[in-house]
Structure formats: C-alpha cells, structure tokens
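The next block holds one structure in the form of structure tokens; read it before the comments.
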Amino acid sequence: MAKQYPEKLEALKKAWDEEARINLALPVDDRTASEILTIERPSTEAVRERYVYYPDTAPVPEGVAANVRNRSYKILANVEISDANAGGVIFAHGSRFGGHSLFIKNHKLYYVYNYLGRKPEQKFVSKMDLKPGKYTFGMEFMRTGAGPHKESLGTMKLYVNDKVVAEGPMRTQPAKFTLSGDGLCVGYDSGDAVSAEYKSPGTFRGGTIQGVGVTVEGSTYVDLENEAARALAKD
C-alpha cells in the first residue's frame with residue numbers, strides 16, 4: 001500500500017509527527033523492556049555496594065533492593081541454629097518466575113537460582129548436615145561472561161563458614177525478577193516461592209537470623225565474611 005500511495009504515506013507520517021509533538025511523545029524511546037527495567041533508579045545517595053537486611057521486616061521492593069544483575073555478587077548470613085530440626089528461608093528475592101533463595105531443608109543448606117522459572121532449577125546443596133551452633137552461611141557468584149540472551153554466566157560457590165560445600169556453573173537473569181511485588185525478604189518468602197523445594201512463606205524456624213549481607217563489589221569472600229561478622233556484631 002505504501003508503494004501504491006506514496007503521497008498518502010507522507011501525509012500519514014506528517015500527521016503522526018504532529019500528534020506525537022502535541023501529546024509530548026517525542027523523543028521516541030527505542031530501548032527494549034529489559035534495558036528500561038534495568039536502569040538504576042536516581043538517588044541522592046552515593047552508589048552502594050553493600051547492603052545488610054534483617055529478619056521479619058516488610059519485603060524490600062526490587063527497585064531499591066540490592067541489584068545483583070549482570071555482576072558478581074555475594075550473600076552472607078549470620079545464623080544461630082538452636083534446634084537440630086531447624087529449617088526454612090534465610091534469604092529470598094523474586095518469585096517462581098525468577099529469583100534466588102538461600103534456605104535450610106532436611107538439615108542441609110541450599111542455594112537456588114531460579115532462572116526465568118525454567119526447570120530444572122539451578123540448585124546447590126551442602127553435603128554436610130547442619131547441627132545446632134553459630135554459622136556464617138554464604139554464596140558467591142563470580143561472573144565470567146555473557147550468554148546469547150545477555151544472561152550472565154559464571155561460577156557459584158556455597159559456603160558454610162569458610163568451607164566450600166557446593167559449587168558449579170550458574171547463569172543469572174539480565175533483567176529484573178518481577179515487575180511488582182515479591183521483594184527481598186529475610187526469614188521468609190513473601191510471595192510465590194522462589195524454589196519448588198519449599199512452600200511460601202517458608203518461615204525460618206529453629207534458630208535466629210542475625211542479619212544477611214549482600215555485596216556487589218570485588219573483594220574476596222574471606223575479607224567480606226570477616227567484615228560482615230564485625231558489622232553485624234556491632235548491632
């Protein structure tokens with residue numbers, strides 16, 4: 001039709017431009033949804049690389065929570081187990097459509113990264129049973145490159161104190177986990193369960209979560225562990 005009626009085409013293009021100016025639609029944004037959703041929100045604060053979260057608070061909306069997209073990151077949790085049958089969610093962010101969660105099940109430490117809700121889940125499980133006592137649980141994702149869909153590729157290590165208890169390759173989402181709801185939680189999972197290994201809210205029981213630290217900087221695991229322990233001890 002455009003080739004058959006070139007004058008009409010030009011008239012329609014002119015009309016479109018006029019209406020766009022009247023309705024303040026210019027300039028037209030040609031970025032993809034993924035590019036728009038991953039833009040950092042403007043803030044008067046300096047760029048943060050470390051965050052500490054506490055149990056039983058309201059979910060932290062994803063727009064202001066620690067941003068682990070397209071980067072290396074670490075999660076550390078100081079937890080005291082008082083019951084041999086302790087279990088439940090320590091940290092959860094996202095939903096069944098995408099997210100990640102650190103939790104205890106059947107006396108073992110789990111870290112699951114749910115990539116876009118696809119099965120099987122990326123699941124890492126400690127080989128050792130957890131007994132009553134004080135622990136620093138952690139995970140570390142080291143980004144090594146990008147995949148064909150702009151997802152981050154890298155290696156993941158799961159820690160109990162300073163020992164690696166599980167490790168392997170992992171990929172992470174390039175965009176946000178959810179458009180609304182299902183924020184970052186400590187001690188429970190507020191919305192759809194991130195992992196099929198537990199049912200929401202998966203409230204932590206049989207112990208105490210002192211706090212959970214998230215960092216997106218490049219310091220070593222051991223240095224971060226010691227500093228996080230000192231920071232949480234002050235509280």
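Simple scheme: letters A, B, ... for chains in structure tokens order, numbers from 1 for residues in each chain, numbers from 1 for ligands in the order shown.
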
Which polymer residues have any atom within 8 Å of an atom of Leu116 in chain A, counting only C-alpha atoms, with same-chain residues fewer than 6 positions away left out, as a list in words? Arg96, Phe97, Gly98, Gly99, Gln173 and Phe177 of chain A

Please produce a file of the residues just selected, as a PDB file, in the first residue's frame, where the atoms kept are C-alpha atoms.
ATOM      1  CA  ARG A  96       8.609 -18.645  40.804  1.00  0.00           C
ATOM      2  CA  PHE A  97       9.128 -16.685  37.582  1.00  0.00           C
ATOM      3  CA  GLY A  98      12.698 -15.804  38.548  1.00  0.00           C
ATOM      4  CA  GLY A  99      14.692 -15.182  41.694  1.00  0.00           C
ATOM      5  CA  GLN A 173      18.947 -13.079  34.615  1.00  0.00           C
ATOM      6  CA  PHE A 177      12.895 -10.779  38.646  1.00  0.00           C
TER       7      PHE A 177
END

Give me the residues near range 158-164 of chain A as a list in words, where near means some atom within 9 Å (using only C-alpha atoms) and where sequence neighbours in that chain fewer than 4 positions away do not count.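 My reading of the contact set: Leu76, Leu109, Tyr110, Tyr111, Phe124, Val125, Ser126, Tyr135, Thr136, Phe137, Gly138, Met139, Glu140, Tyr221, Val222 and Glu225 of chain A.
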
Write the selection just made, keeping N, CA and C atoms, as a PDB file, in the first residue's frame?
ATOM      1  N   LEU A  76      25.890 -13.189  52.490  1.00  0.00           N
ATOM      2  CA  LEU A  76      26.361 -13.765  53.743  1.00  0.00           C
ATOM      3  C   LEU A  76      25.260 -13.657  54.790  1.00  0.00           C
ATOM      4  N   LEU A 109      22.083 -26.958  53.831  1.00  0.00           N
ATOM      5  CA  LEU A 109      21.993 -25.605  53.296  1.00  0.00           C
ATOM      6  C   LEU A 109      21.789 -25.667  51.788  1.00  0.00           C
ATOM      7  N   TYR A 110      20.822 -24.888  51.298  1.00  0.00           N
ATOM      8  CA  TYR A 110      20.506 -24.828  49.873  1.00  0.00           C
ATOM      9  C   TYR A 110      20.684 -23.391  49.366  1.00  0.00           C
ATOM     10  N   TYR A 111      21.129 -23.288  48.124  1.00  0.00           N
ATOM     11  CA  TYR A 111      21.012 -22.030  47.384  1.00  0.00           C
ATOM     12  C   TYR A 111      20.432 -22.382  46.031  1.00  0.00           C
ATOM     13  N   PHE A 124      22.070 -25.786  44.459  1.00  0.00           N
ATOM     14  CA  PHE A 124      23.324 -26.144  45.101  1.00  0.00           C
ATOM     15  C   PHE A 124      23.026 -26.522  46.544  1.00  0.00           C
ATOM     16  N   VAL A 125      23.494 -27.699  46.965  1.00  0.00           N
ATOM     17  CA  VAL A 125      23.134 -28.240  48.279  1.00  0.00           C
ATOM     18  C   VAL A 125      24.402 -28.672  49.011  1.00  0.00           C
ATOM     19  N   SER A 126      24.482 -28.321  50.291  1.00  0.00           N
ATOM     20  CA  SER A 126      25.642 -28.715  51.083  1.00  0.00           C
ATOM     21  C   SER A 126      25.666 -30.219  51.282  1.00  0.00           C
ATOM     22  N   TYR A 135      26.678 -20.091  62.798  1.00  0.00           N
ATOM     23  CA  TYR A 135      27.237 -20.264  61.458  1.00  0.00           C
ATOM     24  C   TYR A 135      27.241 -18.936  60.696  1.00  0.00           C
ATOM     25  N   THR A 136      28.163 -18.843  59.740  1.00  0.00           N
ATOM     26  CA  THR A 136      28.081 -17.851  58.677  1.00  0.00           C
ATOM     27  C   THR A 136      27.865 -18.622  57.384  1.00  0.00           C
ATOM     28  N   PHE A 137      26.658 -18.507  56.841  1.00  0.00           N
ATOM     29  CA  PHE A 137      26.333 -19.146  55.569  1.00  0.00           C
ATOM     30  C   PHE A 137      26.574 -18.136  54.450  1.00  0.00           C
ATOM     31  N   GLY A 138      27.025 -18.609  53.311  1.00  0.00           N
ATOM     32  CA  GLY A 138      27.277 -17.679  52.230  1.00  0.00           C
ATOM     33  C   GLY A 138      27.254 -18.317  50.861  1.00  0.00           C
ATOM     34  N   MET A 139      27.123 -17.469  49.859  1.00  0.00           N
ATOM     35  CA  MET A 139      27.254 -17.899  48.480  1.00  0.00           C
ATOM     36  C   MET A 139      27.996 -16.811  47.725  1.00  0.00           C
ATOM     37  N   GLU A 140      28.684 -17.226  46.667  1.00  0.00           N
ATOM     38  CA  GLU A 140      29.485 -16.299  45.878  1.00  0.00           C
ATOM     39  C   GLU A 140      29.324 -16.640  44.407  1.00  0.00           C
ATOM     40  N   TYR A 221      35.967 -13.457  49.288  1.00  0.00           N
ATOM     41  CA  TYR A 221      34.948 -13.989  50.191  1.00  0.00           C
ATOM     42  C   TYR A 221      35.388 -13.877  51.639  1.00  0.00           C
ATOM     43  N   VAL A 222      36.626 -14.242  51.944  1.00  0.00           N
ATOM     44  CA  VAL A 222      37.089 -14.257  53.327  1.00  0.00           C
ATOM     45  C   VAL A 222      37.062 -12.854  53.915  1.00  0.00           C
ATOM     46  N   GLU A 225      33.513 -11.869  54.614  1.00  0.00           N
ATOM     47  CA  GLU A 225      32.959 -12.621  55.725  1.00  0.00           C
ATOM     48  C   GLU A 225      33.372 -12.005  57.058  1.00  0.00           C
TER      49      GLU A 225
END

Counting only C-alpha atoms, give me one row per residue of range 83-182 of chain A with an atom at most 12 Å from an atom of range 195-201 of chain A, showing the shortest contact pair and its distance in Å to one decimal, sorted by chain then residue number, as a Markdown table.
| residue | atom | partner | partner_atom | distance |
| --- | --- | --- | --- | --- |
| A:Gly87 | CA | A:Tyr198 | CA | 10.2 |
| A:Gly88 | CA | A:Tyr198 | CA | 7.9 |
| A:Val89 | CA | A:Pro201 | CA | 8.0 |
| A:Ile90 | CA | A:Pro201 | CA | 11.1 |
| A:Phe91 | CA | A:Pro201 | CA | 11.3 |
| A:Ala92 | CA | A:Ser195 | CA | 9.3 |
| A:His93 | CA | A:Ser195 | CA | 10.6 |
| A:Gly94 | CA | A:Ser195 | CA | 9.8 |
| A:Ser95 | CA | A:Ser195 | CA | 8.0 |
| A:Arg96 | CA | A:Ser195 | CA | 6.5 |
| A:Phe97 | CA | A:Ser195 | CA | 9.7 |
| A:Gly98 | CA | A:Ser195 | CA | 9.2 |
| A:Gly99 | CA | A:Ser195 | CA | 8.4 |
| A:His100 | CA | A:Ser195 | CA | 7.8 |
| A:Ser101 | CA | A:Ser195 | CA | 7.2 |
| A:Leu102 | CA | A:Ser195 | CA | 9.7 |
| A:Phe103 | CA | A:Tyr198 | CA | 9.1 |
| A:Ile104 | CA | A:Tyr198 | CA | 9.7 |
| A:Lys105 | CA | A:Glu197 | CA | 8.2 |
| A:Asn106 | CA | A:Glu197 | CA | 10.6 |
| A:Leu109 | CA | A:Glu197 | CA | 11.9 |
| A:Tyr110 | CA | A:Glu197 | CA | 9.3 |
| A:Tyr111 | CA | A:Ser195 | CA | 9.3 |
| A:Val112 | CA | A:Ser195 | CA | 6.6 |
| A:Tyr113 | CA | A:Ser195 | CA | 8.0 |
| A:Asn114 | CA | A:Ser195 | CA | 6.8 |
| A:Tyr115 | CA | A:Ser195 | CA | 10.4 |
| A:Leu116 | CA | A:Ser195 | CA | 11.5 |
| A:Gly117 | CA | A:Ser195 | CA | 9.0 |
| A:Arg118 | CA | A:Ser195 | CA | 10.8 |
| A:Lys119 | CA | A:Ala196 | CA | 10.0 |
| A:Pro120 | CA | A:Ala196 | CA | 10.0 |
| A:Glu121 | CA | A:Ser195 | CA | 7.6 |
| A:Gln122 | CA | A:Ser195 | CA | 9.6 |
| A:Lys123 | CA | A:Ser195 | CA | 9.1 |
| A:Phe124 | CA | A:Glu197 | CA | 11.7 |
| A:Val125 | CA | A:Glu197 | CA | 11.4 |
| A:Asp182 | CA | A:Ser200 | CA | 11.1 |

Keeping only N, CA and C atoms, write the selected residues to a file as a CSV table (one decimal), in the first residue's frame.
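Everything below was put into part20.csv:
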chain,number,residue,atom,x,y,z
A,87,GLY,N,14.9,-25.2,60.0
A,87,GLY,CA,14.7,-25.1,58.6
A,87,GLY,C,14.0,-23.9,58.1
A,88,GLY,N,13.9,-23.6,56.8
A,88,GLY,CA,13.2,-22.5,56.3
A,88,GLY,C,14.0,-21.5,55.6
A,89,VAL,N,13.4,-20.5,55.1
A,89,VAL,CA,14.1,-19.5,54.3
A,89,VAL,C,14.9,-18.5,55.1
A,90,ILE,N,16.2,-18.4,54.7
A,90,ILE,CA,17.1,-17.4,55.3
A,90,ILE,C,17.0,-16.1,54.5
A,91,PHE,N,17.0,-16.2,53.1
A,91,PHE,CA,17.0,-15.1,52.2
A,91,PHE,C,16.2,-15.5,51.0
A,92,ALA,N,15.4,-14.6,50.5
A,92,ALA,CA,14.7,-14.9,49.3
A,92,ALA,C,14.4,-13.5,48.5
A,93,HIS,N,14.6,-13.6,47.2
A,93,HIS,CA,14.3,-12.4,46.4
A,93,HIS,C,13.8,-12.9,45.0
A,94,GLY,N,12.6,-12.5,44.7
A,94,GLY,CA,12.0,-12.8,43.5
A,94,GLY,C,10.7,-13.7,43.7
A,95,SER,N,10.5,-14.6,42.6
A,95,SER,CA,9.3,-15.4,42.7
A,95,SER,C,9.5,-16.7,41.9
A,96,ARG,N,8.5,-17.4,41.6
A,96,ARG,CA,8.6,-18.6,40.8
A,96,ARG,C,8.9,-18.3,39.3
A,97,PHE,N,8.8,-17.1,38.9
A,97,PHE,CA,9.1,-16.7,37.6
A,97,PHE,C,10.6,-16.2,37.5
A,98,GLY,N,11.3,-16.2,38.6
A,98,GLY,CA,12.7,-15.8,38.5
A,98,GLY,C,13.1,-15.2,39.9
A,99,GLY,N,14.2,-15.7,40.4
A,99,GLY,CA,14.7,-15.2,41.7
A,99,GLY,C,15.7,-16.1,42.3
A,100,HIS,N,16.1,-15.8,43.5
A,100,HIS,CA,17.1,-16.7,44.2
A,100,HIS,C,16.8,-16.7,45.7
A,101,SER,N,17.2,-17.9,46.3
A,101,SER,CA,16.9,-18.1,47.7
A,101,SER,C,18.0,-18.9,48.4
A,102,LEU,N,18.2,-18.6,49.6
A,102,LEU,CA,19.1,-19.3,50.5
A,102,LEU,C,18.3,-19.8,51.6
A,103,PHE,N,18.3,-21.2,51.8
A,103,PHE,CA,17.4,-21.7,52.8
A,103,PHE,C,18.0,-23.1,53.4
A,104,ILE,N,17.4,-23.5,54.5
A,104,ILE,CA,17.8,-24.8,55.1
A,104,ILE,C,16.6,-25.8,54.9
A,105,LYS,N,17.0,-27.0,54.5
A,105,LYS,CA,16.0,-28.1,54.3
A,105,LYS,C,16.6,-29.4,54.6
A,106,ASN,N,16.0,-30.2,55.4
A,106,ASN,CA,16.5,-31.5,55.7
A,106,ASN,C,17.9,-31.5,56.3
A,109,LEU,N,22.1,-27.0,53.8
A,109,LEU,CA,22.0,-25.6,53.3
A,109,LEU,C,21.8,-25.7,51.8
A,110,TYR,N,20.8,-24.9,51.3
A,110,TYR,CA,20.5,-24.8,49.9
A,110,TYR,C,20.7,-23.4,49.4
A,111,TYR,N,21.1,-23.3,48.1
A,111,TYR,CA,21.0,-22.0,47.4
A,111,TYR,C,20.4,-22.4,46.0
A,112,VAL,N,19.3,-21.7,45.7
A,112,VAL,CA,18.7,-22.0,44.4
A,112,VAL,C,18.6,-20.7,43.6
A,113,TYR,N,19.0,-20.7,42.4
A,113,TYR,CA,18.8,-19.6,41.5
A,113,TYR,C,17.8,-20.0,40.4
A,114,ASN,N,16.6,-19.4,40.5
A,114,ASN,CA,15.5,-19.7,39.6
A,114,ASN,C,15.6,-18.8,38.4
A,115,TYR,N,16.1,-19.4,37.2
A,115,TYR,CA,16.3,-18.6,36.0
A,115,TYR,C,15.0,-18.6,35.2
A,116,LEU,N,14.3,-17.5,35.3
A,116,LEU,CA,13.1,-17.3,34.5
A,116,LEU,C,12.0,-18.4,34.7
A,117,GLY,N,12.1,-19.1,35.8
A,117,GLY,CA,11.1,-20.1,36.1
A,117,GLY,C,11.4,-21.4,35.3
A,118,ARG,N,12.5,-21.5,34.7
A,118,ARG,CA,12.8,-22.7,33.9
A,118,ARG,C,13.3,-23.9,34.8
A,119,LYS,N,12.9,-25.1,34.3
A,119,LYS,CA,13.3,-26.3,35.0
A,119,LYS,C,14.4,-27.0,34.3
A,120,PRO,N,15.3,-27.7,34.9
A,120,PRO,CA,15.4,-27.8,36.4
A,120,PRO,C,16.0,-26.5,37.0
A,121,GLU,N,15.7,-26.3,38.3
A,121,GLU,CA,16.3,-25.2,39.0
A,121,GLU,C,17.8,-25.3,39.1
A,122,GLN,N,18.5,-24.2,39.1
A,122,GLN,CA,19.9,-24.2,39.4
A,122,GLN,C,20.0,-24.4,40.9
A,123,LYS,N,20.4,-25.6,41.4
A,123,LYS,CA,20.3,-25.9,42.8
A,123,LYS,C,21.7,-26.3,43.3
A,124,PHE,N,22.1,-25.8,44.5
A,124,PHE,CA,23.3,-26.1,45.1
A,124,PHE,C,23.0,-26.5,46.5
A,125,VAL,N,23.5,-27.7,47.0
A,125,VAL,CA,23.1,-28.2,48.3
A,125,VAL,C,24.4,-28.7,49.0
A,182,ASP,N,6.7,-9.3,45.4
A,182,ASP,CA,7.8,-10.3,45.6
A,182,ASP,C,9.1,-9.7,45.8

Mind pulling up the distance from CA of Ser190 in chain A to CA of Val60 in chain A?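 Distance reported for this atom pair: 10.1 Å.
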
May I have all residues of range 53-217 of chain A that DSSP, computed from the backbone, assigns to strand (DSSP E or B), given as a PyMOL selection string? chain A and resi 53+60+73-81+87-95+98-105+108-114+122-125+133-146+152-160+163-172+184-186+205+207-215

Pick out the residues sitting within 9 Å of range 150-157 of chain A, and hand them over as a list in words; count only C-alpha atoms, and ignore anything fewer than 4 positions along from it in its own chain.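 So, after excluding close chain neighbours, the residues are Arg69, Asn70, Arg71, Ser72, Phe124, Gly138, Met139, Glu140, Phe141, Met142, Arg143, Thr144, Gly145, Ala146, Val164, Val165, Ala166, Glu167, Gly168, Pro169, Met170, Arg171, Thr172, Gln173, Pro174 and Ala175 of chain A.
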
Go ahead and write the residues just picked, C-alpha atoms, as a PDB file, in the first residue's frame.
ATOM      1  CA  ARG A  69      22.028  -8.252  37.826  1.00  0.00           C
ATOM      2  CA  ASN A  70      24.886  -8.589  35.350  1.00  0.00           C
ATOM      3  CA  ARG A  71      27.577  -8.628  38.006  1.00  0.00           C
ATOM      4  CA  SER A  72      29.424 -10.755  40.531  1.00  0.00           C
ATOM      5  CA  PHE A 124      23.324 -26.144  45.101  1.00  0.00           C
ATOM      6  CA  GLY A 138      27.277 -17.679  52.230  1.00  0.00           C
ATOM      7  CA  MET A 139      27.254 -17.899  48.480  1.00  0.00           C
ATOM      8  CA  GLU A 140      29.485 -16.299  45.878  1.00  0.00           C
ATOM      9  CA  PHE A 141      28.779 -15.827  42.175  1.00  0.00           C
ATOM     10  CA  MET A 142      31.729 -14.833  40.032  1.00  0.00           C
ATOM     11  CA  ARG A 143      30.677 -13.562  36.614  1.00  0.00           C
ATOM     12  CA  THR A 144      32.911 -14.729  33.765  1.00  0.00           C
ATOM     13  CA  GLY A 145      30.962 -13.609  30.702  1.00  0.00           C
ATOM     14  CA  ALA A 146      27.620 -13.295  28.961  1.00  0.00           C
ATOM     15  CA  VAL A 164      33.020 -24.594  50.198  1.00  0.00           C
ATOM     16  CA  VAL A 165      30.202 -27.129  50.476  1.00  0.00           C
ATOM     17  CA  ALA A 166      28.904 -26.994  46.888  1.00  0.00           C
ATOM     18  CA  GLU A 167      29.932 -25.325  43.635  1.00  0.00           C
ATOM     19  CA  GLY A 168      29.287 -25.298  39.920  1.00  0.00           C
ATOM     20  CA  PRO A 169      28.387 -23.232  36.840  1.00  0.00           C
ATOM     21  CA  MET A 170      25.420 -20.851  37.038  1.00  0.00           C
ATOM     22  CA  ARG A 171      23.658 -18.215  34.955  1.00  0.00           C
ATOM     23  CA  THR A 172      21.704 -15.194  36.153  1.00  0.00           C
ATOM     24  CA  GLN A 173      18.947 -13.079  34.615  1.00  0.00           C
ATOM     25  CA  PRO A 174      19.831  -9.873  32.774  1.00  0.00           C
ATOM     26  CA  ALA A 175      16.601  -8.122  33.833  1.00  0.00           C
TER      27      ALA A 175
END

Taking only C-alpha atoms into account, which of A:Pro27, A:Pro6, A:Pro132, A:Pro59 comes nearest Thr208 in chain A?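 The closest residue to Thr208 in chain A is A:Pro132.
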
Kindly give the distance, in Å, that separates CA of Tyr54 in chain A and CA of Gly133 in chain A, rounded to a single decimal.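 These two atoms are separated by 19.4 Å.
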